[in-house]
>>> print(open('query_28.txt').read())   # compact mmCIF, C-alpha atoms
# COMPACT_ATOMS: atom_id res chain seq x y z
CA MET A 1 158.14 121.04 151.08
CA THR A 2 158.71 123.41 153.99
CA GLN A 3 157.33 122.03 157.23
CA PRO A 4 155.47 124.33 159.64
CA ALA A 5 157.43 125.60 162.61
CA ARG A 6 157.03 123.28 165.55
CA PRO A 7 155.00 124.87 168.36
CA ALA A 8 155.99 124.99 172.02
CA LYS A 9 156.30 121.52 173.47
CA ALA A 10 153.84 119.93 175.80
CA ARG A 11 154.93 118.70 179.21
CA ARG A 12 154.43 115.15 178.00
CA ARG A 13 152.32 113.14 175.61
CA MET A 14 148.76 112.62 176.79
CA THR A 15 147.71 109.18 177.93
CA LEU A 16 145.03 107.47 175.86
CA LYS A 17 142.55 108.17 178.64
CA GLU A 18 143.47 111.86 178.50
CA VAL A 19 143.12 111.86 174.71
CA GLU A 20 139.58 110.53 174.98
CA ARG A 21 138.78 113.08 177.68
CA PHE A 22 140.23 115.93 175.60
CA ILE A 23 138.17 115.03 172.52
CA THR A 24 135.04 114.44 174.61
CA LEU A 25 135.31 117.92 176.13
CA LEU A 26 135.71 119.52 172.69
CA ALA A 27 132.67 117.57 171.47
CA GLU A 28 130.54 118.68 174.39
CA ALA A 29 131.50 122.31 173.80
CA ASN A 30 130.83 122.20 170.04
CA PRO A 31 128.56 119.24 169.26
CA ASP A 32 127.53 120.48 165.82
CA ALA A 33 131.00 121.28 164.48
CA ALA A 34 131.21 121.17 160.69
CA SER A 35 133.24 122.56 157.81
CA GLU A 36 132.96 126.34 157.46
CA LEU A 37 133.39 126.13 153.68
CA VAL A 38 130.20 126.69 151.70
CA PHE A 39 129.52 124.02 149.09
CA GLY A 40 126.62 122.23 147.50
CA ASP A 41 127.96 118.81 146.55
CA ASP A 42 131.11 116.70 146.41
CA TYR A 43 132.48 118.61 143.43
CA THR A 44 132.06 122.09 144.86
CA LEU A 45 133.50 120.81 148.15
CA LEU A 46 136.59 119.58 146.31
CA VAL A 47 137.04 122.90 144.51
CA ALA A 48 136.51 124.90 147.72
CA VAL A 49 139.13 122.84 149.58
CA VAL A 50 141.65 123.28 146.75
CA LEU A 51 141.05 127.03 146.87
CA SER A 52 141.41 127.13 150.66
CA ALA A 53 145.14 126.30 150.64
CA GLN A 54 146.91 129.26 152.28
CA ALA A 55 143.61 131.13 152.40
CA THR A 56 140.85 131.52 154.97
CA ASP A 57 137.53 129.72 154.60
CA ALA A 58 135.80 133.11 154.74
CA SER A 59 137.80 134.45 151.77
CA VAL A 60 137.07 131.28 149.79
CA ASN A 61 133.36 131.50 150.55
CA ARG A 62 133.25 135.07 149.27
CA ALA A 63 134.94 134.04 146.03
CA THR A 64 132.92 130.89 145.37
CA VAL A 65 129.53 132.59 145.50
CA GLY A 66 130.00 133.81 141.96
CA LEU A 67 132.24 130.97 140.84
CA PHE A 68 129.77 128.23 141.74
CA ARG A 69 126.91 130.25 140.27
CA ASP A 70 128.68 130.36 136.91
CA ALA A 71 130.34 126.93 137.12
CA PRO A 72 128.51 124.49 139.39
CA ASP A 73 129.92 121.35 137.75
CA PRO A 74 133.11 120.16 136.01
CA ALA A 75 131.84 120.77 132.47
CA ALA A 76 130.85 124.35 133.28
CA MET A 77 134.17 124.95 135.02
CA VAL A 78 136.14 123.75 131.99
CA ALA A 79 133.99 125.94 129.74
CA LEU A 80 134.65 128.93 132.02
CA GLY A 81 138.38 128.41 131.56
CA GLU A 82 141.36 129.66 133.54
CA ASP A 83 140.68 133.32 132.84
CA GLY A 84 137.05 132.99 133.85
CA VAL A 85 137.88 131.13 137.03
CA GLY A 86 140.65 133.59 137.80
CA ALA A 87 138.27 136.52 137.53
CA HIS A 88 136.26 135.06 140.40
CA ILE A 89 139.14 134.14 142.72
CA ARG A 90 141.63 137.02 142.37
CA SER A 91 141.13 137.90 146.03
CA ILE A 92 142.57 134.51 147.09
CA GLY A 93 146.29 133.88 147.41
CA LEU A 94 147.97 131.95 144.58
CA TRP A 95 144.88 132.49 142.45
CA ARG A 96 146.57 131.94 139.10
CA THR A 97 147.88 128.52 140.08
CA LYS A 98 144.58 127.62 141.70
CA ALA A 99 142.59 128.66 138.63
CA ARG A 100 144.81 126.46 136.47
CA ASN A 101 144.44 123.52 138.86
CA VAL A 102 140.67 123.85 139.20
CA VAL A 103 140.18 123.77 135.44
CA ALA A 104 142.64 120.89 135.04
CA LEU A 105 141.11 118.77 137.79
CA SER A 106 137.65 119.41 136.34
CA GLN A 107 138.82 118.15 132.95
CA ARG A 108 140.37 115.10 134.62
CA LEU A 109 137.08 114.33 136.39
CA LEU A 110 135.25 114.50 133.06
CA ASP A 111 137.83 112.38 131.23
CA GLN A 112 138.32 109.67 133.83
CA TYR A 113 135.39 109.65 136.26
CA GLY A 114 132.32 110.74 134.35
CA GLY A 115 132.39 114.11 136.09
CA GLN A 116 132.14 112.54 139.54
CA VAL A 117 134.53 112.96 142.46
CA PRO A 118 136.19 109.57 143.06
CA HIS A 119 135.96 107.95 146.48
CA ASP A 120 139.57 106.82 146.38
CA ARG A 121 142.60 108.39 148.00
CA ALA A 122 145.05 107.63 145.21
CA ALA A 123 142.67 108.96 142.56
CA LEU A 124 142.03 112.13 144.54
CA GLU A 125 145.72 112.80 145.18
CA ALA A 126 146.43 112.35 141.46
CA LEU A 127 144.17 115.31 140.62
CA PRO A 128 145.89 118.66 139.93
CA GLY A 129 146.16 120.75 143.08
CA VAL A 130 145.08 117.95 145.41
CA GLY A 131 147.45 116.68 148.09
CA ARG A 132 146.99 114.43 151.08
CA LYS A 133 145.36 117.09 153.26
CA THR A 134 142.79 118.02 150.61
CA ALA A 135 142.05 114.36 149.93
CA ASN A 136 141.53 113.76 153.65
CA VAL A 137 139.04 116.62 153.89
CA VAL A 138 137.04 115.38 150.91
CA MET A 139 137.04 111.78 152.14
CA ASN A 140 135.93 112.90 155.60
CA VAL A 141 133.26 115.43 154.65
CA ALA A 142 131.94 114.01 151.37
CA PHE A 143 132.25 110.29 151.98
CA GLY A 144 132.16 109.96 155.76
CA ASP A 145 135.57 108.36 156.11
CA SER A 146 137.48 108.58 159.39
CA THR A 147 140.37 110.59 157.98
CA MET A 148 142.32 113.38 159.67
CA ALA A 149 143.40 116.38 157.61
CA VAL A 150 146.28 117.99 159.48
CA ASP A 151 146.38 121.71 158.76
CA THR A 152 148.41 124.28 160.70
CA HIS A 153 145.78 124.37 163.46
CA ILE A 154 145.73 120.63 164.07
CA PHE A 155 149.51 120.40 163.78
CA ARG A 156 149.81 123.06 166.47
CA ILE A 157 147.26 121.42 168.78
CA GLY A 158 148.82 117.98 168.39
CA ASN A 159 152.18 119.28 169.58
CA ARG A 160 151.16 122.02 172.00
CA THR A 161 148.72 119.94 174.04
CA GLY A 162 150.50 116.59 173.93
CA LEU A 163 147.57 115.08 172.05
CA ALA A 164 149.67 113.78 169.15
CA PRO A 165 153.23 115.13 169.07
CA GLY A 166 155.05 114.89 165.75
CA LYS A 167 157.68 116.69 163.69
CA THR A 168 155.66 116.58 160.46
CA PRO A 169 151.96 116.83 159.56
CA ARG A 170 151.97 113.17 158.53
CA ALA A 171 153.47 112.13 161.88
CA VAL A 172 150.76 114.07 163.71
CA GLU A 173 148.09 112.57 161.45
CA ASP A 174 149.28 109.03 162.15
CA GLN A 175 149.35 109.71 165.89
CA LEU A 176 145.84 111.14 165.89
CA ILE A 177 144.43 108.20 163.95
CA ALA A 178 146.13 105.76 166.31
CA ARG A 179 145.21 107.55 169.54
CA ILE A 180 141.69 108.99 169.09
CA PRO A 181 138.95 106.40 169.76
CA ALA A 182 137.58 105.16 166.44
CA PRO A 183 133.95 106.30 166.97
CA MET A 184 135.21 109.87 167.60
CA LEU A 185 137.76 110.08 164.81
CA ARG A 186 135.68 111.42 161.94
CA PRO A 187 134.06 114.36 163.79
CA ALA A 188 137.32 115.02 165.67
CA HIS A 189 138.64 116.52 162.43
CA HIS A 190 136.16 119.40 162.81
CA TRP A 191 136.42 119.73 166.59
CA LEU A 192 140.19 120.15 166.37
CA ILE A 193 140.27 122.55 163.42
CA LEU A 194 137.70 124.87 164.95
CA HIS A 195 139.34 124.67 168.36
CA GLY A 196 142.65 125.72 166.83
CA ARG A 197 141.05 128.45 164.76
CA TYR A 198 139.11 130.12 167.57
CA VAL A 199 140.56 129.06 170.93
CA CYS A 200 143.98 127.41 170.78
CA LYS A 201 145.36 130.17 168.57
CA ALA A 202 148.92 130.34 167.32
CA ARG A 203 150.17 133.54 168.94
CA ARG A 204 148.15 133.56 172.13
CA PRO A 205 146.09 130.51 173.04
CA GLU A 206 142.94 131.49 174.91
CA CYS A 207 143.35 128.84 177.58
CA TRP A 208 141.07 130.69 179.97
CA ARG A 209 138.08 129.67 177.86
CA CYS A 210 139.29 126.27 176.68
CA PRO A 211 136.84 123.48 177.53
CA ALA A 212 139.66 120.90 177.43
CA GLN A 213 142.12 122.74 179.66
CA GLU A 214 142.29 120.00 182.28
CA PRO A 215 143.84 117.16 180.19
CA CYS A 216 145.95 119.58 178.10
CA GLN A 217 149.70 119.28 178.74
CA TYR A 218 150.75 122.70 177.43
CA THR A 219 153.43 124.15 179.67
CA ALA A 220 152.62 127.84 179.19
CA LYS A 221 148.87 128.04 179.60
CA VAL A 222 147.41 131.54 179.35
CA LEU A 223 144.82 131.46 182.11
CA THR A 224 143.95 135.16 182.23
CA PRO A 225 142.43 137.12 179.35
CA PRO A 226 144.35 140.22 178.22
>>> encode(input="query_28.txt", output="structure tokens")
Amino acid sequence: MTQPARPAKARRRMTLKEVERFITLLAEANPDAASELVFGDDYTLLVAVVLSAQATDASVNRATVGLFRDAPDPAAMVALGEDGVGAHIRSIGLWRTKARNVVALSQRLLDQYGGQVPHDRAALEALPGVGRKTANVVMNVAFGDSTMAVDTHIFRIGNRTGLAPGKTPRAVEDQLIARIPAPMLRPAHHWLILHGRYVCKARRPECWRCPAQEPCQYTAKVLTPP
């Protein structure tokens, strides 16, 4: 698996006190942070997260309006079949593979779990199209577990700010889980993703409007808007 390019380095790793301050400031700025995927239950959440790989949440939401109308549960999804699923998600990258995986994971849920999404990491990661990141999202959002799904945004923030430096997504995940105070860990998943998506952007971080600028250890802060 190709690892994401490592962002510019922070001056140093944040202290644990700075980590808590950083997360607290993000929480105060966005207290109601939540997933931007549109879903109705654990199953549609799982499908939406599988579809979101290498795609934006907005593009997934546009595609799933019709998909979830026609196939709101595993049995309906299997009946719809790969061609039927594909017709709904052609606008999303890798749609053929994703259509195949969505139908296959739906069949697996019917065969092994009575059509329910299992609350178990190993069982989730054994489903077609589901890796560690997807399992972490489902466990966090559906089941309330304190997991950390490290996408490109969180990987970038972990390294750029000094919050949780690491060479791989798993290394950053382990650092975040170890360093973020336990009561803040579950919602921190959303605070960090949205911060990376809208403020701490890849090409030009908008440091001038970052609520957590003070504890951030990024060495090339952009303090003036263009």
>>> atom_distance(input="query_28.txt", atom1="atom CA of A:Ser106", atom2="atom CA of A:Ala79")
10.0 Å
>>> residues_around(input="query_28.txt", residues="A:Trp208", least_positions_apart="5", cutoff="8 Å", atoms="all atoms listed in the file", output="PDB file with C-alpha atoms, keeping the file's coordinate frame")
ATOM      1  CA  VAL A 222     147.410 131.540 179.350  1.00  0.00           C
ATOM      2  CA  LEU A 223     144.820 131.460 182.110  1.00  0.00           C
ATOM      3  CA  THR A 224     143.950 135.160 182.230  1.00  0.00           C
ATOM      4  CA  PRO A 225     142.430 137.120 179.350  1.00  0.00           C
TER       5      PRO A 225
END
>>> residues_around(input="query_28.txt", residues="A:Ala212", least_positions_apart="6", cutoff="9 Å", atoms="all atoms listed in the file", output="VMD selection string")
chain A and resid 21 to 26
>>> write_last_selection(input="query_28.txt", atoms="C-alpha atoms", output="CSV table (one decimal), keeping the file's coordinate frame")
chain,number,residue,atom,x,y,z
A,21,ARG,CA,138.8,113.1,177.7
A,22,PHE,CA,140.2,115.9,175.6
A,23,ILE,CA,138.2,115.0,172.5
A,24,THR,CA,135.0,114.4,174.6
A,25,LEU,CA,135.3,117.9,176.1
A,26,LEU,CA,135.7,119.5,172.7
>>> closest_residue(input="query_28.txt", among="A:Leu109, A:Cys207, A:Ile177, A:Ala34", to="A:Val150", atoms="only C-alpha atoms")
A:Ile177
>>> residues_near_point(input="query_28.txt", point="(147.2, 128.1, 171.1)", cutoff="12 Å", atoms="only C-alpha atoms", output="count of residues only")
42
>>> axis_aligned_box(input="query_28.txt", around="stretch 193-205 of chain A", padding_each_side="6 Å", output="AutoDock Vina command-line options")
--center_x 143.9 --center_y 128.1 --center_z 168.2 --size_x 24.5 --size_y 23.0 --size_z 21.6
>>> atom_distance(input="query_28.txt", atom1="atom CA of A:Leu94", atom2="atom CA of A:Val50")
10.9 Å
>>> closest_residue(input="query_28.txt", among="A:Ala76, A:Ala182, A:Met139, A:Leu110", to="A:Leu124", atoms="all atoms listed in the file")
A:Met139
>>> atom_distance(input="query_28.txt", atom1="atom CA of A:Val19", atom2="atom CA of A:Gly166")
15.2 Å
>>> closest_residue(input="query_28.txt", among="A:Ala149, A:Val137, A:Ala99, A:Leu105", to="A:Ala123", atoms="all atoms listed in the file")
A:Leu105
>>> residues_around(input="query_28.txt", residues="stretch 80-82 of chain A", least_positions_apart="2", cutoff="7 Å", atoms="only C-alpha atoms", output="list in words")
Ala71, Ala76, Met77, Val78, Gly84, Val85, Gly86, Ala99, Arg100 and Val103 of chain A
>>> residues_near_point(input="query_28.txt", point="(143.0, 106.5, 147.5)", cutoff="12 Å", atoms="all atoms listed in the file", output="list in words")
Val117, Pro118, His119, Asp120, Arg121, Ala122, Ala123, Leu124, Glu125, Ala126, Leu127, Val130, Gly131, Arg132, Thr134, Ala135, Asn136, Val138, Met139, Asp145 and Thr147 of chain A
>>> residues_around(input="query_28.txt", residues="A:Val65", least_positions_apart="5", cutoff="10 Å", atoms="only C-alpha atoms", output="ChimeraX atom specification")
/A:38-39,60,70,88
>>> residues_around(input="query_28.txt", residues="A:Asn101", least_positions_apart="4", cutoff="8 Å", atoms="all atoms listed in the file", output="list in words")
Thr97, Leu105, Pro128 and Gly129 of chain A
>>> closest_residue(input="query_28.txt", among="A:Asp174, A:Glu36, A:Asp73, A:Glu28", to="A:Asn61", atoms="only C-alpha atoms")
A:Glu36
>>> closest_residue(input="query_28.txt", among="A:Ala63, A:Ala171, A:Leu16, A:Ala55", to="A:Gly93", atoms="all atoms listed in the file")
A:Ala55
>>> decode(input="query_28.txt", residues="stretch 105-118 of chain A", atoms="N, CA, C and O atoms", output="short mmCIF file (atom, residue, chain, number, x, y, z; two decimals), in the first residue's frame")
data_model
loop_
_atom_site.label_atom_id
_atom_site.label_comp_id
_atom_site.auth_asym_id
_atom_site.auth_seq_id
_atom_site.Cartn_x
_atom_site.Cartn_y
_atom_site.Cartn_z
N LEU A 105 -20.34 -7.31 0.63
CA LEU A 105 -20.40 -7.14 2.08
C LEU A 105 -21.85 -7.27 2.57
O LEU A 105 -22.09 -7.77 3.68
N SER A 106 -22.80 -6.86 1.74
CA SER A 106 -24.21 -7.00 2.11
C SER A 106 -24.59 -8.47 2.22
O SER A 106 -25.30 -8.89 3.14
N GLN A 107 -24.11 -9.27 1.27
CA GLN A 107 -24.36 -10.72 1.32
C GLN A 107 -23.71 -11.33 2.55
O GLN A 107 -24.30 -12.19 3.22
N ARG A 108 -22.50 -10.89 2.87
CA ARG A 108 -21.80 -11.40 4.05
C ARG A 108 -22.57 -11.06 5.33
O ARG A 108 -22.67 -11.88 6.25
N LEU A 109 -23.11 -9.85 5.40
CA LEU A 109 -23.90 -9.47 6.58
C LEU A 109 -25.13 -10.36 6.71
O LEU A 109 -25.49 -10.77 7.83
N LEU A 110 -25.77 -10.68 5.60
CA LEU A 110 -26.94 -11.55 5.65
C LEU A 110 -26.56 -12.97 6.06
O LEU A 110 -27.25 -13.61 6.88
N ASP A 111 -25.45 -13.47 5.51
CA ASP A 111 -25.05 -14.85 5.75
C ASP A 111 -24.53 -15.07 7.16
O ASP A 111 -24.77 -16.14 7.77
N GLN A 112 -23.82 -14.10 7.70
CA GLN A 112 -23.11 -14.32 8.96
C GLN A 112 -23.65 -13.53 10.15
O GLN A 112 -23.40 -13.91 11.30
N TYR A 113 -24.36 -12.43 9.90
CA TYR A 113 -24.73 -11.56 11.02
C TYR A 113 -26.20 -11.17 11.02
O TYR A 113 -26.58 -10.19 11.66
N GLY A 114 -27.02 -11.95 10.34
CA GLY A 114 -28.45 -11.67 10.35
C GLY A 114 -28.80 -10.31 9.76
O GLY A 114 -29.82 -9.71 10.13
N GLY A 115 -27.95 -9.81 8.87
CA GLY A 115 -28.20 -8.52 8.25
C GLY A 115 -27.79 -7.33 9.08
O GLY A 115 -28.01 -6.18 8.67
N GLN A 116 -27.17 -7.58 10.24
CA GLN A 116 -26.74 -6.50 11.12
C GLN A 116 -25.25 -6.20 10.95
O GLN A 116 -24.48 -7.08 10.57
N VAL A 117 -24.87 -4.96 11.23
CA VAL A 117 -23.46 -4.59 11.19
C VAL A 117 -22.82 -5.03 12.50
O VAL A 117 -23.28 -4.61 13.58
N PRO A 118 -21.78 -5.86 12.47
CA PRO A 118 -21.19 -6.35 13.72
C PRO A 118 -20.39 -5.28 14.45
O PRO A 118 -19.69 -4.48 13.83
#
